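Student: Structure supplied as model.cif; contents: mmCIF, C-alpha atoms.
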```cif
data_work
#
loop_
_atom_site.label_atom_id
_atom_site.label_comp_id
_atom_site.auth_asym_id
_atom_site.auth_seq_id
_atom_site.Cartn_x
_atom_site.Cartn_y
_atom_site.Cartn_z
CA MET V 1310 30.78 18.26 -85.26
CA THR V 1311 29.97 21.58 -86.89
CA ASP V 1312 33.06 23.59 -87.82
CA GLN V 1313 31.30 26.92 -87.49
CA PHE V 1314 30.67 26.22 -83.83
CA THR V 1315 33.83 24.30 -83.11
CA ASP V 1316 35.87 27.31 -84.08
CA GLN V 1317 34.05 29.35 -81.45
CA LEU V 1318 34.61 26.98 -78.56
CA SER V 1319 37.87 28.53 -77.36
CA GLN V 1320 36.44 32.01 -77.45
CA TYR V 1321 33.41 30.72 -75.60
CA LEU V 1322 35.68 29.30 -72.91
CA ASP V 1323 37.49 32.62 -72.63
CA GLY V 1324 34.33 34.70 -72.51
CA ASP V 1325 35.20 36.42 -75.77
CA LEU V 1326 31.92 35.83 -77.63
CA SER V 1327 29.09 38.29 -78.01
CA PRO V 1328 25.85 37.52 -76.16
CA ARG V 1329 24.17 36.62 -79.42
CA ALA V 1330 26.99 34.23 -80.38
CA ILE V 1331 26.90 32.68 -76.92
CA ALA V 1332 23.17 32.04 -77.19
CA ALA V 1333 23.54 30.44 -80.60
CA LEU V 1334 26.45 28.28 -79.49
CA GLU V 1335 24.73 27.13 -76.32
CA GLN V 1336 21.68 26.19 -78.32
CA HIS V 1337 23.91 24.16 -80.60
CA LEU V 1338 25.69 22.53 -77.67
CA ASN V 1339 22.37 21.28 -76.31
CA GLY V 1340 21.99 19.09 -79.36
CA CYS V 1341 25.60 18.24 -80.22
CA GLU V 1342 27.38 15.81 -77.93
CA GLU V 1343 30.57 15.91 -79.99
CA CYS V 1344 30.91 19.65 -79.49
CA ARG V 1345 30.20 19.25 -75.78
CA VAL V 1346 32.97 16.68 -75.50
CA THR V 1347 35.34 18.92 -77.43
CA LEU V 1348 34.48 21.83 -75.16
CA ASP V 1349 35.25 19.72 -72.09
CA GLU V 1350 38.59 18.68 -73.58
CA LEU V 1351 39.52 22.25 -74.42
CA ARG V 1352 38.60 23.25 -70.89
CA LEU V 1353 40.88 20.50 -69.56
CA VAL V 1354 43.78 21.76 -71.68
CA LYS V 1355 43.24 25.29 -70.44
CA GLU V 1356 43.06 24.20 -66.82
CA ARG V 1357 46.19 22.10 -67.08
CA ALA V 1358 48.11 24.90 -68.72
CA HIS V 1359 46.99 27.25 -65.98
CA SER V 1360 48.25 24.91 -63.26
CA LEU V 1361 51.66 24.05 -64.74
CA VAL V 1362 54.53 24.30 -62.31
CA ASP V 1363 57.81 25.80 -63.47
CA PRO V 1364 60.57 23.19 -63.56
CA LEU V 1365 63.62 24.10 -61.53
CA ALA V 1366 66.23 26.17 -63.28
CA PRO V 1367 69.67 24.55 -63.22
CA ASP V 1368 71.73 25.55 -60.22
CA ASP V 1369 74.83 26.58 -62.10
CA LEU V 1370 73.63 29.48 -64.24
CA TRP V 1371 74.63 32.30 -61.96
CA ALA V 1372 78.35 31.95 -62.61
CA GLY V 1373 77.81 32.65 -66.29
CA ILE V 1374 75.65 35.67 -65.53
CA ALA V 1375 78.10 37.01 -62.97
CA SER V 1376 80.89 36.62 -65.47
CA ARG V 1377 78.98 38.48 -68.16
CA ILE V 1378 77.95 41.38 -65.96
CA GLY V 1379 81.43 41.68 -64.51
CA THR V 1380 80.74 40.50 -60.97
CA ALA V 1381 82.28 37.06 -61.23
CA GLY V 1382 83.25 36.99 -57.57
CA THR V 1383 79.63 36.99 -56.47
CA THR V 1384 77.91 33.71 -55.75
CA SER V 1385 74.18 33.39 -55.63
CA ASP V 1386 74.61 30.79 -52.88
CA ASP V 1387 75.81 33.47 -50.53
CA VAL V 1388 72.91 35.76 -51.10
CA THR V 1389 69.91 33.48 -50.87
CA ALA V 1390 67.02 35.37 -49.37
CA PRO V 1391 66.20 34.81 -45.71
CA ALA V 1392 64.35 31.57 -45.03
CA ALA V 1393 61.29 33.35 -43.75
CA THR V 1394 60.75 34.92 -47.14
CA LEU V 1395 61.17 31.81 -49.24
CA PRO V 1396 58.02 31.03 -51.18
CA PRO V 1397 56.04 28.16 -49.70
CA ASN V 1398 55.38 26.09 -52.80
CA VAL V 1399 58.66 26.17 -54.66
CA ILE V 1400 60.46 22.87 -54.84
CA GLN V 1401 63.76 23.22 -53.08
CA LEU V 1402 66.11 20.41 -53.86
CA PRO V 1403 68.11 19.64 -50.74
CA ARG V 1404 71.20 21.76 -51.07
CA HIS V 1405 74.64 20.37 -50.38
CA ARG V 1406 76.40 23.53 -49.46
CA SER V 1407 79.25 21.87 -47.65
CA PHE V 1408 81.28 22.04 -50.85
CA THR V 1409 82.32 24.94 -52.98
CA TRP V 1410 82.08 25.00 -56.75
CA HIS V 1411 85.50 25.82 -58.11
CA MET V 1412 85.92 26.96 -61.67
CA PRO V 1413 87.13 23.61 -63.10
CA GLN V 1414 84.13 21.90 -61.55
CA LEU V 1415 81.82 24.54 -62.89
CA VAL V 1416 83.28 24.06 -66.34
CA ALA V 1417 82.92 20.30 -66.04
CA ALA V 1418 79.40 20.52 -64.74
CA GLY V 1419 78.56 23.04 -67.41
CA LEU V 1420 79.77 20.67 -70.08
CA VAL V 1421 77.65 17.93 -68.62
CA VAL V 1422 74.61 20.15 -68.50
CA PHE V 1423 75.27 21.24 -72.04
CA ALA V 1424 75.89 17.73 -73.23
CA LEU V 1425 72.96 16.14 -71.55
CA GLY V 1426 70.64 19.08 -71.78
CA ALA V 1427 68.85 20.70 -68.91
CA GLY V 1428 66.23 18.12 -69.68
CA ALA V 1429 67.38 15.63 -67.07
CA LEU V 1430 65.85 17.40 -64.14
CA PHE V 1431 63.01 18.72 -66.24
CA PHE V 1432 62.32 15.24 -67.48
CA ALA V 1433 62.20 14.02 -63.93
CA PHE V 1434 59.62 16.56 -62.99
CA GLN V 1435 57.77 16.03 -66.24
CA GLN V 1436 57.27 12.43 -65.26
CA GLY V 1437 55.27 13.13 -62.20
CA VAL V 1438 56.36 15.81 -59.83
CA ARG V 1439 53.32 17.97 -60.09
CA ARG V 1440 51.33 19.98 -57.67
CA GLY V 1441 50.88 17.19 -55.12
CA ALA V 1442 54.55 16.48 -54.97
CA VAL V 1443 55.32 20.15 -54.70
CA ASP V 1444 53.03 20.41 -51.73
CA GLN V 1445 54.68 17.42 -50.13
CA VAL V 1446 58.06 19.02 -50.50
CA ALA V 1447 56.73 22.28 -49.17
CA GLN V 1448 55.48 20.40 -46.13
CA GLY V 1449 58.91 19.12 -45.38
CA GLU V 1450 59.26 15.76 -47.10
CA SER V 1451 62.51 15.16 -48.90
CA LEU V 1452 62.58 14.37 -52.60
CA GLY V 1453 63.95 11.00 -51.73
CA THR V 1454 60.59 9.92 -50.40
CA LEU V 1455 58.54 10.90 -53.36
CA GLY V 1456 59.04 7.80 -55.43
CA THR V 1457 59.56 9.84 -58.59
CA PRO V 1458 62.54 9.95 -60.93
CA ALA V 1459 63.71 13.02 -59.04
CA ALA V 1460 64.46 10.72 -56.15
CA SER V 1461 67.32 9.25 -58.09
CA VAL V 1462 69.05 12.60 -57.91
CA GLN V 1463 69.57 11.93 -54.25
CA LEU V 1464 70.09 8.22 -54.18
CA ALA V 1465 72.24 7.34 -57.16
CA SER V 1466 76.01 7.09 -57.16
CA PHE V 1467 78.22 7.51 -60.17
CA ASP V 1468 79.69 4.27 -61.48
CA ALA V 1469 81.92 5.10 -64.42
CA VAL V 1470 82.72 1.45 -65.16
CA LYS V 1471 79.07 0.57 -65.36
CA VAL V 1472 78.35 3.55 -67.59
CA ASP V 1473 81.21 2.61 -69.91
CA GLY V 1474 79.82 -0.92 -70.11
CA GLU V 1475 76.36 0.32 -70.95
CA ILE V 1476 77.74 2.61 -73.64
CA ALA V 1477 79.60 -0.34 -75.14
CA ASP V 1478 76.40 -2.42 -75.10
CA LEU V 1479 74.50 0.33 -76.85
CA ARG V 1480 77.22 0.64 -79.47
CA THR V 1481 77.02 -3.08 -80.12
CA ALA V 1482 73.25 -2.87 -80.43
CA LEU V 1483 73.62 0.02 -82.84
CA GLU V 1484 76.04 -1.90 -85.00
CA ARG V 1485 73.71 -4.88 -84.96
CA GLY V 1486 70.76 -2.76 -86.08
CA ARG V 1487 72.57 -0.50 -88.49
CA ASP V 1488 71.03 -2.13 -91.57
CA LYS V 1489 67.51 -1.89 -90.20
CA LEU V 1490 67.49 1.75 -89.17
CA ASP V 1491 67.03 5.01 -90.94
CA PRO V 1492 70.45 6.68 -91.35
CA ARG V 1493 69.13 9.74 -89.54
CA THR V 1494 68.12 7.67 -86.55
CA ILE V 1495 71.57 6.12 -86.51
CA THR V 1496 73.12 9.58 -86.57
CA VAL V 1497 70.97 10.75 -83.68
CA LEU V 1498 71.76 7.73 -81.55
CA GLU V 1499 75.48 7.95 -82.30
CA LYS V 1500 75.56 11.64 -81.43
CA ASN V 1501 73.89 10.96 -78.12
CA LEU V 1502 76.25 8.14 -77.31
CA LEU V 1503 79.12 10.48 -77.98
CA LEU V 1504 77.59 13.10 -75.72
CA ILE V 1505 77.17 10.59 -72.93
CA GLN V 1506 80.74 9.45 -73.35
CA GLN V 1507 82.01 13.03 -73.22
CA ALA V 1508 79.91 13.73 -70.15
CA THR V 1509 81.25 10.61 -68.48
CA THR V 1510 84.80 11.71 -69.16
CA GLU V 1511 84.13 15.14 -67.67
CA ALA V 1512 82.44 13.56 -64.69
CA LYS V 1513 85.47 11.37 -64.06
CA ARG V 1514 87.75 14.38 -64.17
CA ALA V 1515 85.59 16.44 -61.86
CA LEU V 1516 85.21 13.63 -59.38
CA ALA V 1517 88.93 12.90 -59.49
CA ALA V 1518 89.52 16.51 -58.52
CA ASP V 1519 87.01 16.33 -55.69
CA PRO V 1520 86.22 12.69 -54.84
CA ALA V 1521 84.39 13.56 -51.63
CA ASN V 1522 81.88 15.74 -53.40
CA GLN V 1523 78.71 13.72 -52.93
CA GLY V 1524 76.46 16.32 -54.48
CA LEU V 1525 78.48 16.34 -57.66
CA GLU V 1526 78.55 12.56 -57.79
CA ASN V 1527 74.79 12.29 -57.32
CA TYR V 1528 74.21 14.82 -60.02
CA PHE V 1529 76.40 13.07 -62.55
CA ALA V 1530 74.90 9.72 -61.69
CA ALA V 1531 71.34 10.91 -62.12
CA THR V 1532 71.92 12.74 -65.40
CA VAL V 1533 74.10 10.14 -67.07
CA GLN V 1534 71.92 7.23 -66.01
CA ARG V 1535 68.79 9.03 -67.09
CA LYS V 1536 70.23 9.57 -70.52
CA LEU V 1537 71.36 6.01 -70.81
CA ASP V 1538 67.88 4.81 -69.92
CA LEU V 1539 66.45 7.10 -72.54
CA MET V 1540 68.87 5.70 -75.10
CA LYS V 1541 67.95 2.15 -74.18
CA ARG V 1542 64.28 2.86 -74.65
CA ALA V 1543 65.00 4.59 -77.94
CA THR V 1544 66.96 1.63 -79.26
CA ALA V 1545 64.30 -0.75 -77.98
CA MET V 1546 61.59 1.24 -79.76
CA ALA V 1547 63.71 1.17 -82.88
CA GLY V 1548 63.69 -2.62 -82.59
CA ILE V 1549 67.41 -3.25 -82.15
CA MET B 407 58.84 50.29 -71.15
CA ALA B 408 55.07 50.20 -71.20
CA ALA B 409 53.39 48.86 -68.12
CA CYS B 410 51.84 45.48 -68.63
CA THR B 411 48.60 44.45 -67.02
CA MET B 412 49.59 41.31 -65.22
CA PRO B 413 46.76 38.83 -65.39
CA VAL B 414 45.24 37.23 -62.34
CA ALA B 415 46.80 33.81 -62.89
CA THR B 416 50.29 35.19 -63.05
CA THR B 417 49.78 37.50 -60.12
CA LEU B 418 48.71 34.57 -58.02
CA LYS B 419 51.75 32.60 -59.07
CA LEU B 420 53.98 35.48 -58.22
CA GLY B 421 52.10 36.17 -55.03
CA THR B 422 52.96 32.76 -53.64
CA ARG B 423 56.59 33.21 -54.52
CA ALA B 424 57.28 36.80 -53.88
CA LEU B 425 59.60 38.11 -51.26
CA SER B 426 58.22 40.89 -49.14
CA PRO B 427 57.63 44.01 -51.24
CA THR B 428 60.00 45.95 -49.07
CA LEU B 429 62.81 43.48 -49.60
CA VAL B 430 62.20 43.27 -53.34
CA THR B 431 62.03 47.03 -53.68
CA SER B 432 65.15 47.35 -51.65
CA ASP B 433 67.00 44.75 -53.71
CA VAL B 434 65.85 46.33 -56.94
CA ALA B 435 67.09 49.70 -55.79
CA LEU B 436 70.38 48.25 -54.59
CA ALA B 437 70.88 46.24 -57.77
CA ALA B 438 70.13 49.29 -59.90
CA ARG B 439 73.00 51.02 -58.08
CA GLY B 440 75.30 48.13 -58.97
CA ASP B 441 74.95 45.88 -55.94
CA ALA B 442 75.65 42.43 -57.39
CA GLN B 443 74.55 40.59 -54.27
CA ALA B 444 71.17 42.28 -54.36
CA PHE B 445 70.92 41.36 -58.02
CA ALA B 446 71.82 37.76 -57.21
CA ARG B 447 68.93 37.69 -54.74
CA LEU B 448 66.58 38.94 -57.46
CA TYR B 449 67.95 36.25 -59.74
CA GLU B 450 67.33 33.55 -57.14
CA GLU B 451 63.78 34.74 -56.70
CA HIS B 452 62.83 34.83 -60.37
CA LYS B 453 65.06 32.31 -62.12
CA HIS B 454 62.62 29.39 -62.08
CA ARG B 455 59.84 31.39 -63.62
CA VAL B 456 62.07 32.80 -66.36
CA HIS B 457 63.42 29.30 -66.98
CA GLY B 458 59.88 27.94 -67.35
CA LEU B 459 58.90 30.71 -69.71
CA ALA B 460 62.01 30.27 -71.87
CA GLY B 461 61.73 26.49 -71.99
CA ARG B 462 58.11 26.51 -72.98
CA MET B 463 58.50 29.21 -75.61
CA LEU B 464 61.83 28.24 -77.15
CA GLY B 465 62.29 24.60 -76.19
CA TRP B 466 64.02 23.28 -73.09
CA GLU B 467 67.34 22.91 -74.87
CA HIS B 468 67.52 26.71 -75.04
CA ALA B 469 66.16 27.46 -71.58
CA ALA B 470 69.37 27.66 -69.54
CA GLU B 471 71.19 29.92 -71.96
CA THR B 472 68.12 32.12 -72.30
CA VAL B 473 67.83 32.54 -68.54
CA GLN B 474 71.35 33.91 -68.56
CA ASP B 475 70.59 36.21 -71.49
CA VAL B 476 67.51 37.53 -69.74
CA PHE B 477 69.27 38.32 -66.47
CA VAL B 478 72.19 39.97 -68.21
CA ARG B 479 69.64 42.11 -70.02
CA VAL B 480 67.84 42.84 -66.75
CA TRP B 481 71.12 43.99 -65.20
CA GLN B 482 71.77 46.28 -68.16
CA LYS B 483 68.26 47.72 -68.05
CA LEU B 484 67.72 47.99 -64.31
CA ASP B 485 68.28 51.71 -64.29
CA THR B 486 65.28 52.13 -66.61
CA PHE B 487 62.92 50.48 -64.14
CA ARG B 488 60.76 53.29 -62.80
CA GLY B 489 58.58 51.32 -60.44
CA GLU B 490 55.45 52.03 -62.49
CA ALA B 491 54.72 48.32 -62.54
CA GLN B 492 55.76 45.59 -60.13
CA PHE B 493 59.36 44.57 -60.64
CA SER B 494 58.26 41.01 -61.40
CA THR B 495 55.92 42.33 -64.10
CA TRP B 496 58.65 44.46 -65.61
CA LEU B 497 61.13 41.59 -65.53
CA HIS B 498 58.63 39.21 -67.07
CA ARG B 499 57.90 41.54 -69.93
CA LEU B 500 61.59 42.06 -70.53
CA ALA B 501 62.08 38.29 -70.49
CA VAL B 502 59.37 37.85 -73.09
CA ASN B 503 61.06 40.42 -75.31
CA VAL B 504 64.44 38.72 -75.00
CA ILE B 505 62.82 35.37 -75.75
CA LEU B 506 61.01 36.70 -78.79
CA SER B 507 64.23 38.21 -80.13
CA LYS B 508 65.98 34.93 -79.59
CA ARG B 509 63.12 33.08 -81.20
CA ALA B 510 63.54 35.17 -84.33
CA ALA B 511 67.23 34.29 -84.46
CA LEU B 512 66.63 30.63 -83.73
CA GLY B 513 63.91 30.46 -86.34
CA LYS B 514 66.50 31.03 -88.99
CA GLN B 515 68.66 28.21 -87.69
CA ARG B 516 66.04 25.62 -86.93
CA ALA B 517 65.47 24.56 -90.49
CA ARG B 518 69.16 23.80 -90.92
CA PHE B 519 70.10 22.43 -87.54
CA LEU B 520 67.70 19.82 -86.32
CA ASP B 521 68.80 19.06 -82.81
CA ALA B 522 69.65 15.51 -82.03
CA GLU B 523 68.10 15.76 -78.59
CA ASP B 524 64.87 16.95 -80.07
CA VAL B 525 64.62 14.00 -82.39
CA LEU B 526 65.43 11.64 -79.55
CA ASP B 527 62.74 13.23 -77.43
CA ARG B 528 60.27 12.65 -80.20
CA ILE B 529 61.14 8.99 -80.20
CA GLU B 530 60.81 8.94 -76.43
CA THR B 531 57.46 10.62 -76.24
CA ARG B 532 55.72 9.09 -79.21
CA PRO B 533 52.58 7.54 -77.72
CA SER B 534 52.26 3.82 -78.03
CA GLY B 535 49.26 1.68 -77.29
CA ARG B 536 50.40 1.33 -73.70
CA GLU B 537 51.33 4.93 -73.16
CA GLY B 538 48.40 6.77 -74.65
CA MET B 539 48.70 9.84 -72.49
CA MET B 540 51.20 12.49 -73.41
CA ASP B 541 52.32 15.00 -70.90
CA LEU B 542 51.18 18.52 -71.62
CA GLU B 543 54.68 19.96 -71.30
CA GLY B 544 55.99 17.51 -73.86
CA ALA B 545 53.05 17.99 -76.17
CA MET B 546 53.48 21.76 -76.10
CA GLN B 547 56.96 21.37 -77.50
CA HIS B 548 55.52 19.87 -80.65
CA LEU B 549 53.09 22.67 -81.36
CA PRO B 550 53.70 24.82 -84.40
CA ASP B 551 55.83 27.77 -83.39
CA GLY B 552 53.20 30.49 -83.63
CA ALA B 553 50.54 28.45 -81.88
CA ARG B 554 52.98 27.58 -79.07
CA MET B 555 53.90 31.22 -78.47
CA VAL B 556 50.27 32.26 -78.19
CA PHE B 557 49.31 29.26 -76.07
CA VAL B 558 52.14 29.81 -73.59
CA LEU B 559 51.55 33.52 -73.31
CA HIS B 560 47.78 33.21 -72.99
CA ASP B 561 47.00 29.96 -71.21
CA VAL B 562 50.17 29.51 -69.15
CA GLU B 563 51.28 33.07 -68.50
CA GLY B 564 47.87 34.73 -68.58
CA TYR B 565 48.48 37.49 -71.10
CA ARG B 566 45.48 38.98 -72.88
CA HIS B 567 45.05 38.69 -76.65
CA GLU B 568 45.65 42.40 -77.09
CA GLU B 569 49.00 42.14 -75.28
CA ILE B 570 50.05 39.07 -77.22
CA ALA B 571 49.09 40.66 -80.50
CA ALA B 572 51.23 43.69 -79.66
CA LEU B 573 54.17 41.55 -78.60
CA LEU B 574 54.08 39.35 -81.68
CA GLY B 575 53.06 42.02 -84.15
CA ILE B 576 49.91 40.24 -85.26
CA THR B 577 46.18 40.85 -84.93
CA THR B 578 43.99 39.62 -82.11
CA GLY B 579 42.05 37.65 -84.69
CA THR B 580 45.22 35.74 -85.44
CA THR B 581 46.11 35.21 -81.80
CA LYS B 582 42.64 33.81 -81.12
CA ALA B 583 42.87 31.50 -84.10
CA GLN B 584 46.36 30.34 -83.04
CA LEU B 585 45.20 29.74 -79.48
CA HIS B 586 42.28 27.63 -80.66
CA ARG B 587 44.57 25.73 -82.99
CA ALA B 588 46.98 24.99 -80.15
CA ARG B 589 44.26 23.83 -77.79
CA MET B 590 42.70 21.59 -80.46
CA ILE B 591 46.07 19.94 -81.09
CA LEU B 592 46.81 19.51 -77.39
CA ARG B 593 43.41 18.04 -76.60
CA LYS B 594 44.12 15.28 -79.10
CA HIS B 595 47.32 14.43 -77.27
CA LEU B 596 45.74 14.56 -73.86
CA THR B 597 42.80 12.38 -74.79
CA ARG B 598 44.61 9.89 -77.00
#
```
How would this structure read if it were set down as structure tokens?
Tutor:
Amino acid sequence: MTDQFTDQLSQYLDGDLSPRAIAALEQHLNGCEECRVTLDELRLVKERAHSLVDPLAPDDLWAGIASRIGTAGTTSDDVTAPAATLPPNVIQLPRHRSFTWHMPQLVAAGLVVFALGAGALFFAFQQGVRRGAVDQVAQGESLGTLGTPAASVQLASFDAVKVDGEIADLRTALERGRDKLDPRTITVLEKNLLLIQQATTEAKRALAADPANQGLENYFAATVQRKLDLMKRATAMAGI
Amino acid sequence: MAACTMPVATTLKLGTRALSPTLVTSDVALAARGDAQAFARLYEEHKHRVHGLAGRMLGWEHAAETVQDVFVRVWQKLDTFRGEAQFSTWLHRLAVNVILSKRAALGKQRARFLDAEDVLDRIETRPSGREGMMDLEGAMQHLPDGARMVFVLHDVEGYRHEEIAALLGITTGTTKAQLHRARMILRKHLTR
């Protein structure tokens, strides 16, 4: 591969080269398979970036905004635009609007989101909900039929006992592997275990306050379980 | 605020998502007069896009908080919206500015506070023999900061080099070099 030409490949893709530079590069490409392959790969990156779908924003951000702009009584749930104007290709998670988010629940959910990161849902979509899945949803299929991690958001139920047991198992594994692991890795894993434990505690409290809230339960189940799975893979990769 | 030429890619994205122009205009006008419900509708319409922009530019761990910062800023600045550009264009540019300000602040902290989640994600996404393919979203998070900014703004959001250079305070030569650098790194991930 010739560096002089490789450095021009992106500009070539973007149409930013002069006619003379284009002619020289195309002449080079005719005889350089490596540069042709690189050009194809760069084109693939550009196309993929262009077609990325925005992951869903968490549902519970409006309360914080309303509070900060001094309109805390307003709920974004009440002001959703008319159905006819909803965009056709935006993933709409089935909404469970039969319950109302009270402040303690919002605080609890907020802690969970903070603790676990918004990455749970994002991670789910990152794993496979791409354009095809979006189209399926837009055509009326529920997320539960997609066979992606997002489906667990709908299907899981929160089992605090099971989560506690899995946390205990992970702690045991950590202790067992403490001598083999980098101290920084240990710190990371311990911090995450603590976060999961805190989230579980908050989930228990929120569910105790509103045990019939299926949407809340599903959400906790999906996020906590996802994180636990991630932790298990991390410890497995670390060889403990 | 200077009008921004919204590139084709972004316009198409917005076009598929936009409410009717009348409704948006009406909500913008109402929100500018202090109507919180109208503003909440604008938030509902644009939150996913702002969330995507923030997550890709700053890291997903900062996305939720940044969405809130952006919309608070939008609320504060609504009365300066003159309708010279589409509202979505204006909001997007404002979001980029908020994100870049936040990026500057975060940049000072990042060296000292390495996030536990981030490290865990690195463990999670490290390609193994069996999982040779890395998702583009995940790979983007590992780009050097400058290259990631330019890549997101150019290849994902559709900004032109001249606009990116102005936003970041660098030359177009640098933005082109950063973009190429980002693509070269990402192609290695995608073809590994």
Student: Any idea what the distance is between CA of His1359 in chain V and CA of Tyr565 in chain B?
Tutor: 11.5 Å
Student: Check which residues satisfy the PyMOL selection byres ((chain V and resi 1314) around 10) in the file shown, then give them as an MDAnalysis selection string.
Tutor: chainID V and resid 1310:1313 1315:1319 1321 1330 1333:1335 1337:1338 1344
Student: Could you state the separation of CA of Met546 in chain B and CA of Val558 in chain B in Å, given to one decimal place?
Tutor: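 These two atoms are separated by 8.5 Å.
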Student: Between CA of Thr580 in chain B and CA of Arg499 in chain B, measure the distance and give it in Å to one decimal.
Tutor: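 Computed distance, CA of Thr580 in chain B to CA of Arg499 in chain B, equals 20.9 Å.
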Student: Would you kindly return, as a PyMOL selection string, each protein, DNA or RNA residue with an atom no farther than 6 Å from any atom of range 1360-1370 of chain V, considering only C-alpha atoms and excluding same-chain residues fewer than 4 positions away?
Tutor: (chain V and resi 1431) or (chain B and resi 454-455+457-458)
Student: Can those selected residues be exported to a file as a tab-separated table (two decimals), keeping the file's coordinate frame so that it contains C-alpha atoms?
Tutor:
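Once everything was written out, this is out_35.tsv:
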```tsv
chain	number	residue	atom	x	y	z
V	1431	PHE	CA	63.01	18.72	-66.24
B	454	HIS	CA	62.62	29.39	-62.08
B	455	ARG	CA	59.84	31.39	-63.62
B	457	HIS	CA	63.42	29.30	-66.98
B	458	GLY	CA	59.88	27.94	-67.35
```
Student: Is it possible to add N, CA and C atoms to range 568-583 of chain B and hand it back as an mmCIF file, keeping the file's coordinate frame?
Tutor:
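For reference, part.cif as written:
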```cif
data_model
loop_
_atom_site.group_PDB
_atom_site.id
_atom_site.type_symbol
_atom_site.label_atom_id
_atom_site.label_comp_id
_atom_site.auth_asym_id
_atom_site.auth_seq_id
_atom_site.Cartn_x
_atom_site.Cartn_y
_atom_site.Cartn_z
ATOM 1 N N GLU B 568 45.153 41.106 -76.618
ATOM 2 C CA GLU B 568 45.650 42.400 -77.090
ATOM 3 C C GLU B 568 47.148 42.545 -76.806
ATOM 4 N N GLU B 569 47.570 42.066 -75.642
ATOM 5 C CA GLU B 569 49.000 42.140 -75.280
ATOM 6 C C GLU B 569 49.833 41.221 -76.166
ATOM 7 N N ILE B 570 49.308 40.036 -76.393
ATOM 8 C CA ILE B 570 50.050 39.070 -77.220
ATOM 9 C C ILE B 570 50.171 39.585 -78.652
ATOM 10 N N ALA B 571 49.070 40.134 -79.136
ATOM 11 C CA ALA B 571 49.090 40.660 -80.500
ATOM 12 C C ALA B 571 50.150 41.756 -80.634
ATOM 13 N N ALA B 572 50.232 42.614 -79.613
ATOM 14 C CA ALA B 572 51.230 43.690 -79.660
ATOM 15 C C ALA B 572 52.643 43.130 -79.589
ATOM 16 N N LEU B 573 52.837 42.135 -78.743
ATOM 17 C CA LEU B 573 54.170 41.550 -78.600
ATOM 18 C C LEU B 573 54.630 40.863 -79.886
ATOM 19 N N LEU B 574 53.704 40.156 -80.515
ATOM 20 C CA LEU B 574 54.080 39.350 -81.680
ATOM 21 C C LEU B 574 53.885 40.092 -82.999
ATOM 22 N N GLY B 575 53.276 41.261 -82.924
ATOM 23 C CA GLY B 575 53.060 42.020 -84.150
ATOM 24 C C GLY B 575 52.029 41.395 -85.063
ATOM 25 N N ILE B 576 50.983 40.847 -84.472
ATOM 26 C CA ILE B 576 49.910 40.240 -85.260
ATOM 27 C C ILE B 576 48.573 40.754 -84.719
ATOM 28 N N THR B 577 47.489 40.371 -85.367
ATOM 29 C CA THR B 577 46.180 40.850 -84.930
ATOM 30 C C THR B 577 45.605 39.936 -83.853
ATOM 31 N N THR B 578 44.632 40.464 -83.122
ATOM 32 C CA THR B 578 43.990 39.620 -82.110
ATOM 33 C C THR B 578 43.201 38.493 -82.770
ATOM 34 N N GLY B 579 42.736 38.740 -83.973
ATOM 35 C CA GLY B 579 42.050 37.650 -84.690
ATOM 36 C C GLY B 579 42.992 36.476 -84.900
ATOM 37 N N THR B 580 44.235 36.809 -85.233
ATOM 38 C CA THR B 580 45.220 35.740 -85.440
ATOM 39 C C THR B 580 45.581 35.059 -84.136
ATOM 40 N N THR B 581 45.744 35.853 -83.073
ATOM 41 C CA THR B 581 46.110 35.210 -81.800
ATOM 42 C C THR B 581 44.996 34.273 -81.326
ATOM 43 N N LYS B 582 43.756 34.669 -81.532
ATOM 44 C CA LYS B 582 42.640 33.810 -81.120
ATOM 45 C C LYS B 582 42.603 32.531 -81.959
ATOM 46 N N ALA B 583 42.862 32.692 -83.232
ATOM 47 C CA ALA B 583 42.870 31.500 -84.100
ATOM 48 C C ALA B 583 44.025 30.571 -83.726
#
```
